[in-house]
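I have placed the structure first, in the form of C-alpha cells, so that the comments after it can refer back to it.
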Amino acid sequence: MFYRIFVLCSLFLLGLTNTYAEDAPPSAYDLFKPPTHSQFALSPSGRYFSLAYATTAKRCIDSTGAVDISAEGCSANETRHRTSYQIVIFDLEIKSAISIRPLPEDYFVQWFQWATDDRLLAGISRRATINTRRSRWRNGGTRIMSFPREQGEYITLFENALGIKKSNLNITQIGNMLRDDPDHVIVSAVKKGDLDLWKANIRTGDVERIAIGNHGTFFWYTDNNGKPVLRYDANLHSTKVSVFAWSDESQNWEKVKTFKLKENDDEDDFQFFPAALTNNPHQVYVISDEDDDARRSIKIYDLQKQEYVETVFEHEKYDVAGVSRDIATGEYTGAWYYADRLQYHFADKKTQAHYDAINLFFDDEANVSLLGFTQTGTKAVIYVNAPDIPGEYYVYDFTTSNIDPVIQQHPELASVKFGKGEVLTLPTRDGETITAYLTHPAGGEDHDAPLIVMPHGGPESRDYLGYNPRVQFFATRGYQTLQVNFRGSSGYGRAFSEAGYGEWGGVMQNDVTDAVRYVHANGSATPDKTCIVGYSYGGYVALHGAVSTPNLYKCVVSVAGVSDLVLAMKLSRRYYGHDSEFHEYWVKSIGNPNTEKEKLRSRSPANFADKITSPVLLIHGELDGIVRVEQSRKMNRALKQAGADVEYIEVKYEGHRGWSMENHILQLTAVENFLEKHLQP
C-alpha cells in the first residue's frame with residue numbers, strides 16, 4: 001500500500017514526540033484515549049483546514065470531578081485522566097499553522113463547519129462531571145461558537161439571548177448553512193418548552209425566531225433558503241413520531257406521516273427521515289425503513305399524496321446507512337452503505353469512477369469516507385481506516401485525481417503493527433450463509449495463536465471490516481479475533497435482522513457456534529485455545545455458549561451480559577411499562593414472558609450454571625440502566641453455588657457505556673490478565 005509521509009509535519013508543529021517501540025504492544029490507555037487529531041474540516045476554497053488537537057494526561061480534579069486548574073499538586077486518588085483540546089487552523093498554501101486556540105479545561109470539539117474562508121463554526125461541549133462518590137456534579141452542555149480564521153475574539157450563537165442560552169443545555173446542530181447568506185445559519189433551540197427554529201448571525205451571535213414548534217417538536221428540516229419544510233413531533237412517551245409538512249396552499253402545518261420509534265433510535269435510523277429536497281416542492285427524498293420494506297432504502301415521498309412515488313436506490317443485500325448531498329445546492333447525489341467495508345453509490349457516473357479509483361488506491365482494503373467538499377465541489381476531505389489503519393485524513397482533487405495525505409488521527413501509533421482482517425463467508429447448519437471477520441495477530445497469520453470470539457452487542461447491531469481498538473488490543477497481544485454477523489444483526493435487511501426475533505439462545509447462538517466450529521475445522525484454532533468475550537448481548541452469547549457448548553471454549557468473559565431472560569423482561573416491563581412500544585420491541589426480540597416463560601427459562605444461563613466447566617469472568621457497572629447489574633449478580637451467585645471457577649468485578653458508579661478512562665483500563669486489564677492466565681498467548 002501507498003507509503004504514507006504526512007507532509008504537514010504536525011508532529012513538529014504541535015510538539016508531539018510520543019512513539020512506541022515496535023516490540024511493545026500498545027497499552028489500553030494508548031488504544032482508547034481520544035484521538036490526537038480529529039474533526040478535520042476543509043474551508044470552502046480548500047485553502048484552509050481546521051482540526052482538534054488533543055492532549056490526554058492525569059490531572060487534579062475538584063469536588064465535582066472537573067479539572068482543578070488551581071491545584072499545584074494532589075494525591076493519586078485525586079487525579080483522573082482528562083483531555084485538553086486546542087483548535088488548530090492550518091494554511092495549506094504556506095504549509096503553516098496560522099491559529100492555535102486552547103479550549104478551557106473539560107471542553108471538547110464535537111464538530112467543525114466552515115461558513116466562509118474567514119469564519120469557522122464549531123460545536124463546543126463541556127463535559128458533565130461528577131465526583132467519585134456521586135454526591136456532587138457539574139452540568140455539561142454544548143454551544144455553537146464562531147471563530148475568525150486567524151487570531152481574534154470568538155462569539156457564541158445566541159450571545160445576546162441569555163434566556164435562550166440558559167434554558168438550552170445543548171444547542172448542538174446547524175440545521176442549514178444558508179450558502180447564499182454567508183452571515184447567517186439556521187439553528188434549533190428551545191423557548192418556553194418548544195423547540196423553535198432560529199436564524200442566527202455568525203458574526204454577532206444575534207438570533208431571530210422564524211418558526212415555532214410544539215411541546216413535542218424535536219427536529220426541523222428546511223429548504224436551501226432556510227424555510228421550514230418538515231417538523232417532527234414526538235408523543236408524550238417518545239414512542240411515536242408525527243411528521244408535519246408546511247403547506248403554502250393552506251398556510252398551515254399538515255400531518256403527512258406517523259411512525260413508531262424503537263429504543264435507542266438515532267435520527268438516521270428513523271423509519272422516515274428526510275435526505276434531500278427534489279425539484280418538486282411537494283416531494284422529498286427520504287431514508288425509508290417501513291415495516292414492509294425489505295431493507296432500508298432511498299425513496300421519494302409525495303407530501304400531498306402522502307405516499308412513496310419512487311425508489312431511488314435500494315441495494316439487493318445491504319441497508320442504506322446514509323446519503324450524500326451537493327454542498328452548494330443540497331441536492332441528492334448518492335447513498336452509502338456497509339457491505340464488509342463502507343461503499344458509496346453515486347448517481348453521477350463520473351463521481352462514482354473517482355470514488356472507485358480512490359478505493360483502488362487503497363487496494364480496496366479500507367473504508368473510505370467522504371467527509372466534506374469545497375464550495376465548488378472540486379476537492380473533498382477523505383477519511384480512511386482499515387483493521388490495521390487507525391485513521392488518516394487526505395484531500396482529494398477531482399480535477400487532477402491527486403490524493404494528498406494530510407494527517408494521521410493517531411500519529412503516536414504510527415509504529416505499531418496491527419492485525420489484518422479477513423472476510424469469512426460461512427455456511428450454517430440449516431443451509432444459510434453468514435459473514436464473519438477474522439483478525440489475525442499483529443505481524444501476520446498465525447494458526448497457533450489463541451482465538452478470541454467476540455459476538456457483538458445489540459443484538460440488532462453489526463460488525464464490519466474496519467479499525468476496532470478492542471480487536472486490536474487483542475491482536476497486538478498475539479490473539480486472533482472472530483466477529484460474527486449472526487442472524488439478528490442489522491445492516492443486511494429486515495428479514496435477516498428479524499430472523500433473530502425470539503432466537504436468543506437459538507438461531508443467533510447457533511450461528512456463532514457454527515462460525516467457531518468452521519474456524520476450528522479449517523485449522524485456524526482449537527477449542528483448548530479459544531475463549532469467548534462478549535459485551536452486553538454479546539455477554540449473553542458468551543454465557544449461553546458456556547452452557548450449550550461447554551467443550552468449545554477454554555474460558556468465558558461476560559461484560560454487562562444478560563443471564564436471565566425472564567428477569568430481563570420483568571425489568572423491561574417495569575422500566576418502560578407493559579404497553580410501551582419499547583417493551584413491545586423487547587417482547588419481539590427476546591420473547592413473551594406470559595406465554596413463553598419456559599422457553600425463556602430454558603435459554604437463561606443462570607439456570608444452568610452447573611453445566612459450565614470453563615472459568616468465567618463477569619464484569620458489570622453498578623449503575624447500568626440497560627442491562628441491570630442484577631443479571632451479573634445472579635450469574636455470579638449461581639456459578640458459586642455450582643462450585644464453578646468464577647471471578648466477578650462490579651464497577652462502582654459506572655453505567656452500560658461511557659466508562660471513565662480509569663475504569664475502562666481496569667476492565668481491559670482484568671480481561672487481559674484473565675485471558676493470559678487461561679490461554680497463555
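If you're wondering about the labels, chains in the C-alpha cells are A, B, ... by order shown, residues count from 1 in each chain, ligands from 1 in order shown.
Of the residues in range 192-417 of chain A, those that DSSP places in helix (DSSP H, G or I) on the basis of the backbone are Glu267, Asp268, Asp269, Lys349, Lys350, Thr351, Gln352, Ala353, His354, Tyr355, Asp356, Ala357, Ile358, Asn359, Leu360, Phe361, Pro411, Glu412 and Leu413 of chain A.
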Next on the checklist: To test your reading of the structure, identify every residue in range 70-307 of chain A that backbone DSSP assigns to strand (DSSP E or B), and report it as a ChimeraX atom specification.
Outcome noted: /A:79-91,96-102,107-116,119-126,129-130,137-138,141-148,155-156,170,174-176,184-191,194-201,207-211,217-222,228-234,240-247,252-260,272-277,283-288,297-302,307
Please provide the set of residues having any atom within 12 Å of Lys599 in chain A, restricted to only C-alpha atoms, with same-chain residues fewer than 4 positions apart removed, written as a PDB file with C-alpha atoms, in the first residue's frame.
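Result file follows (part_39.pdb):
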```pdb
ATOM      1  CA  GLY A 502     -37.268 -14.875  19.666  1.00  0.00           C
ATOM      2  CA  GLU A 503     -33.938 -16.575  18.951  1.00  0.00           C
ATOM      3  CA  TRP A 504     -31.851 -15.606  21.950  1.00  0.00           C
ATOM      4  CA  GLY A 505     -30.082 -18.881  22.639  1.00  0.00           C
ATOM      5  CA  GLY A 506     -31.476 -20.282  19.367  1.00  0.00           C
ATOM      6  CA  ASP A 564     -31.784 -14.462  32.974  1.00  0.00           C
ATOM      7  CA  LEU A 565     -34.249 -13.702  30.157  1.00  0.00           C
ATOM      8  CA  VAL A 566     -37.312 -13.803  32.410  1.00  0.00           C
ATOM      9  CA  ILE A 590     -36.453 -11.875  23.440  1.00  0.00           C
ATOM     10  CA  GLY A 591     -39.883 -13.468  23.924  1.00  0.00           C
ATOM     11  CA  ASN A 592     -43.157 -13.091  25.781  1.00  0.00           C
ATOM     12  CA  PRO A 593     -42.761 -13.958  29.480  1.00  0.00           C
ATOM     13  CA  ASN A 594     -46.508 -14.625  29.768  1.00  0.00           C
ATOM     14  CA  THR A 595     -46.722 -17.246  27.006  1.00  0.00           C
ATOM     15  CA  ARG A 603     -32.347 -20.294  27.464  1.00  0.00           C
ATOM     16  CA  SER A 604     -31.231 -18.423  30.593  1.00  0.00           C
ATOM     17  CA  ASN A 607     -30.440 -21.527  35.422  1.00  0.00           C
TER      18      ASN A 607
END
```
Next on the checklist: List the spatial neighbours of Leu552 in chain A as a PyMOL selection string - criterion: any atom at most 10 Å away, only C-alpha atoms, same-chain residues fewer than 5 positions off excluded.
Outcome noted: chain A and resi 513+516-517+520+526-532+545-546+614
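Going from CA of Leu424 in chain A to CA of His440 in chain A covers 12.5 Å.
Residue neighbourhood of His37 in chain A, excluding near-sequence residues (fewer than 3 positions): Pro34, Phe40, Leu51, Ala52, Tyr53, Ala54, Ile407, Gln408, Gln409, His410 and Pro411 of chain A, at 9 Å, using only C-alpha atoms.
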Pull C-alpha atoms from the residues just selected and write them as a JSON list (two decimals), in the first residue's frame.
```json
[["chain", "number", "residue", "atom", "x", "y", "z"],
["A", 34, "PRO", "CA", -9.20, 10.22, 22.48],
["A", 40, "PHE", "CA", -10.78, 17.62, 10.28],
["A", 51, "LEU", "CA", -8.75, 20.21, 13.39],
["A", 52, "ALA", "CA", -8.99, 19.48, 17.10],
["A", 53, "TYR", "CA", -5.68, 18.60, 18.75],
["A", 54, "ALA", "CA", -5.97, 16.57, 21.97],
["A", 407, "ILE", "CA", -2.57, 13.97, 8.91],
["A", 408, "GLN", "CA", -2.96, 10.81, 10.96],
["A", 409, "GLN", "CA", -5.65, 10.59, 13.59],
["A", 410, "HIS", "CA", -3.35, 8.67, 15.97],
["A", 411, "PRO", "CA", 0.22, 9.63, 14.94]]
```
Item to check | Residues within 9 Å of range 56-72 of chain A, only C-alpha atoms, excluding chain neighbours under 2 positions, as an MDAnalysis selection string | outcome: chainID A and resid 33:34 36 54 74:76 78:85 105:106 127:132 134:138
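Take the candidates A:Gly458, A:Gly621, A:Pro427, A:Gly175 and check each one against Thr222 in chain A using only C-alpha atoms; the shortest distance goes to A:Gly175.
Take the candidates A:Val671, A:Met454, A:Val587, A:Cys555 and check each one against Pro615 in chain A using only C-alpha atoms; the shortest distance goes to A:Cys555.
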Next on the checklist: List the spatial neighbours of Gln667 in chain A as number ranges by chain - criterion: any atom at most 10 Å away, only C-alpha atoms, same-chain residues fewer than 5 positions off excluded.
Outcome noted: A: 28, 559, 619-620, 649-651, 659, 661-662, 672
Checklist outcome for this item: Closest of A:Leu236, A:Arg637, A:Glu498, A:Tyr492 to Tyr585 in chain A, counting only C-alpha atoms, is A:Glu498
Can you build me a table of range 37-143 of chain A residues sitting at most 8 Å from range 154-173 of chain A, with the closest atom pair per residue and its distance in Å to one decimal, using only C-alpha atoms, sorted by chain and residue number, as JSON lines?
```
{"residue": "A:Gly123", "atom": "CA", "partner": "A:Thr172", "partner_atom": "CA", "distance": 6.1}
{"residue": "A:Gly140", "atom": "CA", "partner": "A:Leu169", "partner_atom": "CA", "distance": 7.2}
{"residue": "A:Gly141", "atom": "CA", "partner": "A:Leu169", "partner_atom": "CA", "distance": 4.7}
{"residue": "A:Thr142", "atom": "CA", "partner": "A:Asn170", "partner_atom": "CA", "distance": 4.5}
{"residue": "A:Arg143", "atom": "CA", "partner": "A:Ile171", "partner_atom": "CA", "distance": 5.3}
```
Checklist entry - Please, what distance in Å, to one decimal, runs between CA of Val484 in chain A and CA of Ser461 in chain A? => result 11.0 Å
